[in-house]
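K.L.:
Data file input.cif (mmCIF, C-alpha atoms) is appended below.
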data_upload
#
loop_
_atom_site.label_atom_id
_atom_site.label_comp_id
_atom_site.auth_asym_id
_atom_site.auth_seq_id
_atom_site.Cartn_x
_atom_site.Cartn_y
_atom_site.Cartn_z
CA MET A 1 8.65 68.13 -30.96
CA HIS A 2 11.35 69.19 -33.39
CA LYS A 3 11.88 65.53 -34.38
CA GLU A 4 8.17 65.04 -35.07
CA GLU A 5 8.03 68.16 -37.24
CA ASN A 6 11.03 66.97 -39.25
CA LYS A 7 9.50 63.53 -39.73
CA THR A 8 6.20 65.04 -40.85
CA LYS A 9 8.11 67.06 -43.43
CA TYR A 10 9.65 63.90 -44.87
CA PHE A 11 6.29 62.11 -44.93
CA ILE A 12 4.83 65.01 -46.93
CA GLY A 13 7.85 64.92 -49.24
CA MET A 14 7.35 61.21 -49.87
CA LEU A 15 3.65 61.79 -50.56
CA ILE A 16 4.49 64.44 -53.17
CA ALA A 17 7.12 62.20 -54.81
CA MET A 18 4.71 59.26 -55.07
CA LEU A 19 1.93 61.39 -56.57
CA LEU A 20 4.36 62.83 -59.13
CA TRP A 21 5.41 59.29 -60.08
CA GLY A 22 1.75 58.38 -60.46
CA VAL A 23 0.92 61.34 -62.70
CA ALA A 24 4.02 60.48 -64.77
CA TRP A 25 2.16 57.46 -66.18
CA THR A 26 -0.54 59.70 -67.67
CA SER A 27 1.93 62.37 -68.74
CA GLY A 28 4.13 59.69 -70.33
CA LYS A 29 1.16 58.42 -72.33
CA ALA A 30 0.56 61.93 -73.70
CA ALA A 31 4.26 62.27 -74.58
CA VAL A 32 4.48 58.98 -76.50
CA GLU A 33 1.22 59.71 -78.35
CA HIS A 34 2.83 62.90 -79.72
CA SER A 35 6.17 61.29 -80.62
CA ASN A 36 7.31 57.66 -80.59
CA ILE A 37 8.65 55.15 -78.07
CA GLN A 38 12.33 55.66 -78.88
CA VAL A 39 12.32 59.47 -78.77
CA ALA A 40 10.20 59.63 -75.62
CA SER A 41 12.51 57.13 -73.88
CA PHE A 42 15.61 59.12 -74.86
CA TRP A 43 14.41 62.57 -73.80
CA ARG A 44 12.80 61.36 -70.56
CA TYR A 45 16.15 60.15 -69.18
CA THR A 46 18.29 62.81 -70.84
CA ILE A 47 16.26 65.53 -69.11
CA SER A 48 16.45 63.65 -65.79
CA PHE A 49 20.22 63.22 -66.14
CA ILE A 50 20.81 66.91 -66.89
CA GLY A 51 18.46 67.93 -64.08
CA MET A 52 20.23 65.67 -61.58
CA ILE A 53 23.64 67.33 -62.06
CA PRO A 54 22.85 70.62 -60.23
CA VAL A 55 21.04 68.61 -57.53
CA MET A 56 24.21 66.57 -56.97
CA ILE A 57 26.33 69.72 -56.80
CA TYR A 58 23.91 71.42 -54.38
CA MET A 59 23.61 68.38 -52.09
CA GLN A 60 27.38 67.72 -52.27
CA ARG A 61 26.95 63.96 -52.51
CA SER A 62 29.85 61.54 -52.72
CA LEU A 63 30.97 60.40 -56.17
CA LYS A 64 33.04 57.51 -54.87
CA THR A 65 32.51 53.81 -55.49
CA ASP A 66 34.52 50.74 -56.49
CA LEU A 67 34.65 48.57 -59.61
CA ILE A 68 31.79 46.37 -58.41
CA GLY A 69 29.73 49.50 -57.78
CA TYR A 70 30.28 50.66 -61.36
CA ILE A 71 29.34 47.22 -62.69
CA TYR A 72 26.08 47.34 -60.71
CA MET A 73 25.35 50.82 -62.06
CA LEU A 74 26.11 49.80 -65.66
CA LEU A 75 23.84 46.74 -65.46
CA ALA A 76 21.08 48.74 -63.75
CA GLY A 77 21.37 51.45 -66.41
CA LEU A 78 20.99 48.93 -69.24
CA LEU A 79 17.99 47.36 -67.53
CA SER A 80 16.57 50.83 -66.93
CA ALA A 81 16.84 51.49 -70.68
CA ALA A 82 14.81 48.33 -71.31
CA PHE A 83 12.32 49.46 -68.67
CA SER A 84 11.90 52.89 -70.31
CA TYR A 85 11.17 51.28 -73.68
CA LEU A 86 8.61 48.93 -72.11
CA PHE A 87 7.13 51.83 -70.10
CA PHE A 88 6.39 53.92 -73.19
CA ALA A 89 5.45 50.89 -75.31
CA GLY A 90 2.93 49.87 -72.66
CA LEU A 91 1.50 53.40 -72.54
CA ALA A 92 1.28 53.51 -76.34
CA HIS A 93 -0.97 50.43 -76.29
CA GLY A 94 -2.57 50.32 -72.85
CA GLU A 95 -4.09 52.46 -70.10
CA ALA A 96 -1.94 54.67 -67.88
CA GLY A 97 -3.96 54.04 -64.70
CA TYR A 98 -3.87 50.27 -65.09
CA GLY A 99 -0.18 50.29 -66.01
CA GLY A 100 0.79 52.41 -63.01
CA THR A 101 -1.20 50.17 -60.68
CA MET A 102 0.03 46.89 -62.15
CA VAL A 103 3.74 47.75 -62.14
CA THR A 104 3.69 49.33 -58.67
CA SER A 105 1.83 46.36 -57.20
CA LEU A 106 3.83 43.60 -58.86
CA VAL A 107 7.39 44.95 -58.44
CA PRO A 108 7.73 44.35 -54.68
CA LEU A 109 6.20 40.86 -54.96
CA ILE A 110 8.44 39.83 -57.87
CA THR A 111 11.45 41.32 -56.04
CA TYR A 112 10.73 39.22 -52.95
CA PHE A 113 10.48 36.05 -55.04
CA LEU A 114 13.67 36.84 -56.95
CA SER A 115 15.53 37.47 -53.69
CA ILE A 116 14.38 34.08 -52.38
CA LEU A 117 15.28 32.24 -55.60
CA ILE A 118 18.58 33.97 -56.41
CA PHE A 119 19.99 34.76 -52.97
CA SER A 120 18.23 32.03 -50.96
CA THR A 121 16.83 34.73 -48.68
CA LYS A 122 15.28 33.14 -45.62
CA VAL A 123 11.62 33.92 -45.01
CA SER A 124 9.45 33.31 -41.96
CA ALA A 125 6.05 31.62 -41.96
CA LYS A 126 4.47 35.07 -41.66
CA GLN A 127 6.33 36.24 -44.77
CA VAL A 128 5.28 33.14 -46.71
CA PHE A 129 1.68 33.95 -45.76
CA ALA A 130 2.23 37.56 -46.91
CA LEU A 131 3.58 36.34 -50.25
CA GLY A 132 0.53 34.10 -50.60
CA ILE A 133 -1.71 37.14 -50.23
CA GLY A 134 0.47 38.97 -52.74
CA VAL A 135 0.19 36.17 -55.30
CA PHE A 136 -3.58 36.15 -54.88
CA GLY A 137 -3.59 39.93 -55.35
CA ALA A 138 -1.48 39.59 -58.49
CA ILE A 139 -3.90 36.97 -59.91
CA ILE A 140 -6.81 39.38 -59.34
CA LEU A 141 -4.83 42.33 -60.71
CA LEU A 142 -4.01 40.43 -63.91
CA ARG A 143 -7.71 39.49 -64.17
CA ILE A 144 -6.86 35.80 -64.55
CA PRO A 145 -10.15 34.55 -62.96
CA MET A 146 -12.15 36.66 -65.44
CA GLU A 147 -9.99 36.65 -68.58
CA GLY A 148 -7.60 33.73 -68.21
CA LEU A 149 -4.35 34.56 -70.02
CA GLY A 150 -5.85 37.72 -71.47
CA PHE A 151 -3.18 39.76 -69.67
CA LEU A 152 -0.71 38.55 -72.33
CA ASN A 153 -2.24 40.94 -74.89
CA LEU A 154 -0.50 44.18 -75.96
CA ASP A 155 -2.56 46.25 -73.51
CA SER A 156 -0.95 44.46 -70.54
CA ILE A 157 2.10 42.40 -71.51
CA TYR A 158 4.46 45.40 -71.70
CA PHE A 159 3.49 46.42 -68.17
CA LEU A 160 4.04 42.88 -66.87
CA VAL A 161 7.54 42.66 -68.39
CA CYS A 162 8.11 46.22 -67.11
CA ALA A 163 7.51 45.00 -63.55
CA ILE A 164 9.86 42.03 -64.00
CA VAL A 165 12.66 44.21 -65.40
CA TRP A 166 12.30 46.82 -62.64
CA SER A 167 12.43 44.05 -60.02
CA PHE A 168 15.92 43.17 -61.26
CA VAL A 169 16.86 46.87 -61.12
CA THR A 170 15.61 46.93 -57.51
CA ILE A 171 17.80 43.96 -56.60
CA LEU A 172 20.86 45.58 -58.21
CA THR A 173 20.06 48.78 -56.31
CA GLN A 174 19.93 46.86 -53.04
CA LYS A 175 23.27 45.19 -53.80
CA ALA A 176 24.90 48.51 -54.73
CA SER A 177 23.52 50.45 -51.74
CA LYS A 178 26.54 49.66 -49.55
CA ARG A 179 29.03 50.67 -52.23
CA VAL A 180 27.71 53.92 -53.69
CA ASP A 181 25.72 57.00 -52.67
CA PRO A 182 22.11 56.59 -53.89
CA MET A 183 22.06 59.98 -55.61
CA PHE A 184 25.29 59.27 -57.51
CA TYR A 185 23.92 55.82 -58.33
CA THR A 186 20.79 57.44 -59.79
CA LEU A 187 22.82 59.99 -61.77
CA VAL A 188 24.93 57.27 -63.42
CA ILE A 189 21.86 55.13 -64.17
CA PHE A 190 20.16 58.13 -65.79
CA GLY A 191 23.30 58.73 -67.88
CA VAL A 192 23.67 55.09 -69.00
CA THR A 193 19.96 54.88 -69.77
CA ALA A 194 19.95 58.13 -71.75
CA PHE A 195 23.01 57.10 -73.80
CA THR A 196 21.58 53.63 -74.53
CA ASN A 197 18.22 55.09 -75.53
CA MET A 198 19.95 57.65 -77.76
CA ILE A 199 21.40 54.84 -79.90
CA PHE A 200 17.89 53.56 -80.68
CA ALA A 201 16.40 57.06 -81.00
CA LEU A 202 18.87 58.46 -83.57
CA PRO A 203 17.04 57.02 -86.63
CA HIS A 204 13.97 59.01 -85.42
CA HIS A 205 15.86 62.35 -85.33
CA PRO A 206 15.38 63.19 -81.62
CA PHE A 207 17.42 66.41 -81.88
CA GLU A 208 15.14 67.96 -84.50
CA ILE A 209 13.11 69.88 -81.93
CA GLY A 210 10.55 71.13 -84.45
CA LEU A 211 9.41 67.61 -85.32
CA TYR A 212 7.57 67.33 -82.00
CA ASP A 213 4.81 69.60 -80.74
CA SER A 214 4.35 71.48 -77.46
CA VAL A 215 2.24 68.68 -75.96
CA PHE A 216 5.19 66.34 -76.25
CA TRP A 217 7.73 68.79 -74.84
CA LEU A 218 5.57 69.90 -71.91
CA ASN A 219 4.82 66.31 -70.90
CA ILE A 220 8.34 64.98 -71.40
CA LEU A 221 9.71 67.91 -69.36
CA PHE A 222 7.25 67.05 -66.59
CA VAL A 223 8.19 63.36 -66.64
CA GLY A 224 11.91 64.09 -66.87
CA LEU A 225 12.22 66.96 -64.38
CA PHE A 226 9.36 66.67 -61.91
CA SER A 227 8.72 62.92 -61.70
CA GLY A 228 12.35 62.17 -62.58
CA THR A 229 14.86 64.55 -61.01
CA PHE A 230 12.68 66.37 -58.45
CA ALA A 231 10.68 63.37 -57.19
CA MET A 232 13.81 61.20 -57.06
CA ALA A 233 15.66 63.79 -54.96
CA ILE A 234 12.71 64.04 -52.56
CA PHE A 235 12.45 60.25 -52.43
CA PHE A 236 16.07 59.72 -51.39
CA ALA A 237 15.97 62.63 -48.94
CA SER A 238 12.82 61.21 -47.30
CA ALA A 239 13.34 57.42 -47.55
CA SER A 240 16.35 57.39 -45.22
CA ARG A 241 14.37 59.28 -42.56
CA ILE A 242 11.06 57.42 -42.58
CA GLY A 243 12.43 53.87 -42.93
CA ALA A 244 12.22 51.09 -45.51
CA HIS A 245 8.90 49.76 -44.19
CA ASN A 246 7.11 53.10 -44.55
CA THR A 247 8.75 53.67 -47.93
CA GLY A 248 7.35 50.37 -49.25
CA VAL A 249 3.86 51.35 -48.11
CA PHE A 250 4.15 54.83 -49.62
CA MET A 251 4.86 53.26 -53.03
CA PHE A 252 1.19 52.32 -53.19
CA ILE A 253 0.25 55.99 -53.45
CA VAL A 254 1.65 55.87 -57.01
CA PRO A 255 -1.48 54.12 -58.37
CA VAL A 256 -3.64 56.85 -56.83
CA GLY A 257 -1.85 59.52 -58.87
CA ALA A 258 -1.94 57.33 -61.98
CA ILE A 259 -5.63 56.43 -61.68
CA ILE A 260 -6.90 59.93 -60.88
CA SER A 261 -4.81 61.69 -63.53
CA SER A 262 -5.66 59.13 -66.24
CA TYR A 263 -9.36 59.45 -65.37
CA PHE A 264 -9.35 63.21 -65.92
CA ALA A 265 -6.98 63.17 -68.92
CA TYR A 266 -8.31 60.13 -70.81
CA GLY A 267 -11.56 59.20 -69.10
CA GLU A 268 -10.06 55.83 -68.18
CA LYS A 269 -12.29 53.75 -65.93
CA ILE A 270 -10.56 51.70 -63.29
CA ALA A 271 -11.82 48.14 -62.79
CA SER A 272 -12.70 46.87 -59.31
CA SER A 273 -10.26 43.99 -59.88
CA THR A 274 -7.43 46.51 -60.25
CA ILE A 275 -8.26 48.20 -56.93
CA ILE A 276 -8.70 44.87 -55.09
CA GLY A 277 -5.46 43.47 -56.50
CA CYS A 278 -3.57 46.64 -55.56
CA LEU A 279 -4.95 46.61 -51.99
CA LEU A 280 -4.05 42.92 -51.53
CA SER A 281 -0.51 43.65 -52.74
CA LEU A 282 -0.31 46.53 -50.26
CA VAL A 283 -1.36 44.21 -47.43
CA ALA A 284 1.28 41.70 -48.55
CA VAL A 285 4.03 44.36 -48.50
CA ILE A 286 3.00 45.57 -45.04
CA LEU A 287 2.92 42.03 -43.61
CA PHE A 288 6.17 41.01 -45.29
CA ASN A 289 8.09 43.97 -43.87
CA LYS A 290 6.40 44.14 -40.47
CA LYS A 291 8.70 42.99 -37.68
CA SER A 292 7.37 41.10 -34.67
CA LYS A 293 8.07 42.30 -31.11
CA LEU A 294 10.70 39.55 -30.75
CA GLU A 295 12.45 40.63 -33.98
CA LYS A 296 12.41 44.26 -32.85
CA LEU A 297 13.87 43.26 -29.47
CA LYS A 298 16.67 41.26 -31.13
CA LEU A 299 17.43 44.17 -33.46
CA LYS A 300 17.59 46.55 -30.50
CA GLU A 301 19.89 44.21 -28.57
CA ALA A 302 22.14 43.88 -31.62
CA LYS A 303 22.41 47.67 -31.91
CA LEU A 304 23.21 47.99 -28.22
CA GLY A 305 25.86 45.29 -28.61
CA ILE A 306 27.48 47.23 -31.43
CA GLU A 307 27.48 50.43 -29.41
#
Do you think you could lay out the structure here as structure tokens?

P.N.:
Amino acid sequence: MHKEENKTKYFIGMLIAMLLWGVAWTSGKAAVEHSNIQVASFWRYTISFIGMIPVMIYMQRSLKTDLIGYIYMLLAGLLSAAFSYLFFAGLAHGEAGYGGTMVTSLVPLITYFLSILIFSTKVSAKQVFALGIGVFGAIILLRIPMEGLGFLNLDSIYFLVCAIVWSFVTILTQKASKRVDPMFYTLVIFGVTAFTNMIFALPHHPFEIGLYDSVFWLNILFVGLFSGTFAMAIFFASASRIGAHNTGVFMFIVPVGAIISSYFAYGEKIASSTIIGCLLSLVAVILFNKKSKLEKLKLKEAKLGIE
């Protein structure tokens, strides 16, 4: 009973983290509308970096890694800086609900394809079928049957590149996972991203607090602290307890937070193609990660052999 209660706690924690990430798309749009892309990108990660330091101290996480681990973190931080620029650029031009749905839905699919192409990851017939569903979902999500290459306009292209960049960050994260504590990894990425973004933000005077109104500061604090530091801490605390498969499924709660918050804040209407594409991507993720009874049996035997 105690185990079940603990697991329920982590499921609730993951739900909260995903909803906060979803609302961050709408809050980020408000922040960039009251500032600019460079300043919003800088303060978002600077606040997250500062907020993560006491969390690291409280949780007493390991700060150890090797040279390869630092290289992974540096590369991921630079890519994260590119992602943050694309994130706010996309929100400056497009809709928060659509952006949150598109990026969340496309990242796992692009990551799977990159893993297959770069690392020659072996996939089963079931996983190929799952990827086929995912590709179909992506085609619907990008509205290709209705608008052709219309997704290449400014309202969508930033979000598409956003998903591609974050897929590379995901792969680097997977490679670094055996070399560095995930919380320390996140802290360093936040630091590298904040420093990189600062270089591009300096011409816009990011440290002149009075240049930006309360709407900007309230929203950037929310994105930086709640969807950044707080949600990330909950995510790592919960992900290890509920498993990778459940974590992948939970990611699809992000669009719910993005769609609902953008509807109330901006009156954004969500297209049926967006919902259908997102649901098909969810099905693809579930099928891709779902292990058959034979695979589960082999995994159990392998664990017993190790013990």

K.L.:
Could you check how far atom CA of A:His34 sits from atom CA of A:Leu91, in Å to one decimal?

P.N.:
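Value for the atom CA of A:His34-atom CA of A:Leu91 distance: 12.0 Å.
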
K.L.:
Please provide the set of residues having any atom within 9 Å of A:Asp181, restricted to only C-alpha atoms, with same-chain residues fewer than 2 positions apart removed, written as a ChimeraX atom specification.

P.N.:
/A:61-65,176-179,183-186

K.L.:
What's around A:Gln127 at 12 Å? Count all atoms listed in the file, leave out sequence neighbours fewer than 4 positions away in its own chain, and write the answer as a PDB file with C-alpha atoms, keeping the file's coordinate frame.

P.N.:
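Here's the written file out.pdb:
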ATOM      1  CA  LEU A 109       6.200  40.860 -54.960  1.00  0.00           C
ATOM      2  CA  TYR A 112      10.730  39.220 -52.950  1.00  0.00           C
ATOM      3  CA  PHE A 113      10.480  36.050 -55.040  1.00  0.00           C
ATOM      4  CA  ILE A 116      14.380  34.080 -52.380  1.00  0.00           C
ATOM      5  CA  THR A 121      16.830  34.730 -48.680  1.00  0.00           C
ATOM      6  CA  LYS A 122      15.280  33.140 -45.620  1.00  0.00           C
ATOM      7  CA  VAL A 123      11.620  33.920 -45.010  1.00  0.00           C
ATOM      8  CA  LEU A 131       3.580  36.340 -50.250  1.00  0.00           C
ATOM      9  CA  GLY A 132       0.530  34.100 -50.600  1.00  0.00           C
ATOM     10  CA  ILE A 133      -1.710  37.140 -50.230  1.00  0.00           C
ATOM     11  CA  GLY A 134       0.470  38.970 -52.740  1.00  0.00           C
ATOM     12  CA  VAL A 283      -1.360  44.210 -47.430  1.00  0.00           C
ATOM     13  CA  ALA A 284       1.280  41.700 -48.550  1.00  0.00           C
ATOM     14  CA  VAL A 285       4.030  44.360 -48.500  1.00  0.00           C
ATOM     15  CA  ILE A 286       3.000  45.570 -45.040  1.00  0.00           C
ATOM     16  CA  LEU A 287       2.920  42.030 -43.610  1.00  0.00           C
ATOM     17  CA  PHE A 288       6.170  41.010 -45.290  1.00  0.00           C
ATOM     18  CA  ASN A 289       8.090  43.970 -43.870  1.00  0.00           C
ATOM     19  CA  LYS A 290       6.400  44.140 -40.470  1.00  0.00           C
ATOM     20  CA  LYS A 291       8.700  42.990 -37.680  1.00  0.00           C
ATOM     21  CA  SER A 292       7.370  41.100 -34.670  1.00  0.00           C
TER      22      SER A 292
END

K.L.:
Using atom CA of A:Gly22 and atom CA of A:Pro255 as the two end points, give the distance in Å to one decimal.

P.N.:
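Distance between the two atoms: 5.7 Å.
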
K.L.:
Write out as an MDAnalysis selection string which residues come within 10 Å of A:Ala40 when counting all atoms listed in the file, dropping same-chain ones fewer than 4 positions away.

P.N.:
chainID A and resid 28:29 31:36 44:46 84:85 88:89 197 201 206 216:217 219:220 223:224

K.L.:
Show me a table, sorted first by chain and then by increasing residue number, of the residues of stretch 118-181 of chain A having an atom at most 9 Å from stretch 257-278 of chain A, each with its shortest atom pair and the distance in Å to one decimal, counting only C-alpha atoms and written as CSV.

P.N.:
residue,atom,partner,partner_atom,distance
A:Gly134,CA,A:Gly277,CA,8.3
A:Phe136,CA,A:Gly277,CA,7.7
A:Gly137,CA,A:Gly277,CA,4.2
A:Ala138,CA,A:Gly277,CA,5.9
A:Ile139,CA,A:Gly277,CA,7.5
A:Ile140,CA,A:Gly277,CA,5.2
A:Leu141,CA,A:Gly277,CA,4.4
A:Leu142,CA,A:Thr274,CA,7.9
A:Arg143,CA,A:Ser273,CA,6.7

K.L.:
Measure the distance from atom CA of A:Val39 to atom CA of A:His205 in Å and round it to one decimal.

P.N.:
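So the answer is 8.0 Å.
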
K.L.:
Name the residues that the PyMOL selection byres ((chain A and resi 163) around 12) pulls out of this structure, and write them as an MDAnalysis selection string.

P.N.:
chainID A and resid 79:80 82:84 86:87 90 99:111 138 156:162 164:170

K.L.:
Selected residues, C-alpha atoms, written as an mmCIF file, keeping the file's coordinate frame, please.

P.N.:
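out-v1.cif was written with the following content:
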data_model
loop_
_atom_site.group_PDB
_atom_site.id
_atom_site.type_symbol
_atom_site.label_atom_id
_atom_site.label_comp_id
_atom_site.auth_asym_id
_atom_site.auth_seq_id
_atom_site.Cartn_x
_atom_site.Cartn_y
_atom_site.Cartn_z
ATOM 1 C CA LEU A 79 17.990 47.360 -67.530
ATOM 2 C CA SER A 80 16.570 50.830 -66.930
ATOM 3 C CA ALA A 82 14.810 48.330 -71.310
ATOM 4 C CA PHE A 83 12.320 49.460 -68.670
ATOM 5 C CA SER A 84 11.900 52.890 -70.310
ATOM 6 C CA LEU A 86 8.610 48.930 -72.110
ATOM 7 C CA PHE A 87 7.130 51.830 -70.100
ATOM 8 C CA GLY A 90 2.930 49.870 -72.660
ATOM 9 C CA GLY A 99 -0.180 50.290 -66.010
ATOM 10 C CA GLY A 100 0.790 52.410 -63.010
ATOM 11 C CA THR A 101 -1.200 50.170 -60.680
ATOM 12 C CA MET A 102 0.030 46.890 -62.150
ATOM 13 C CA VAL A 103 3.740 47.750 -62.140
ATOM 14 C CA THR A 104 3.690 49.330 -58.670
ATOM 15 C CA SER A 105 1.830 46.360 -57.200
ATOM 16 C CA LEU A 106 3.830 43.600 -58.860
ATOM 17 C CA VAL A 107 7.390 44.950 -58.440
ATOM 18 C CA PRO A 108 7.730 44.350 -54.680
ATOM 19 C CA LEU A 109 6.200 40.860 -54.960
ATOM 20 C CA ILE A 110 8.440 39.830 -57.870
ATOM 21 C CA THR A 111 11.450 41.320 -56.040
ATOM 22 C CA ALA A 138 -1.480 39.590 -58.490
ATOM 23 C CA SER A 156 -0.950 44.460 -70.540
ATOM 24 C CA ILE A 157 2.100 42.400 -71.510
ATOM 25 C CA TYR A 158 4.460 45.400 -71.700
ATOM 26 C CA PHE A 159 3.490 46.420 -68.170
ATOM 27 C CA LEU A 160 4.040 42.880 -66.870
ATOM 28 C CA VAL A 161 7.540 42.660 -68.390
ATOM 29 C CA CYS A 162 8.110 46.220 -67.110
ATOM 30 C CA ILE A 164 9.860 42.030 -64.000
ATOM 31 C CA VAL A 165 12.660 44.210 -65.400
ATOM 32 C CA TRP A 166 12.300 46.820 -62.640
ATOM 33 C CA SER A 167 12.430 44.050 -60.020
ATOM 34 C CA PHE A 168 15.920 43.170 -61.260
ATOM 35 C CA VAL A 169 16.860 46.870 -61.120
ATOM 36 C CA THR A 170 15.610 46.930 -57.510
#

K.L.:
When distances are computed from only C-alpha atoms, which of A:Leu282, A:Ala237, A:Val256, A:Ala30 shows the smallest separation from A:Ser214?

P.N.:
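Comparing A:Leu282, A:Ala237, A:Val256, A:Ala30 against A:Ser214, the winner is A:Ala30.
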
K.L.:
Extract, using all atoms listed in the file, all DNA, RNA and protein residues at most 9 Å from A:Leu187, discarding same-chain residues fewer than 6 positions from it, and format them as a ChimeraX atom specification.

P.N.:
/A:48-50,52-53,56
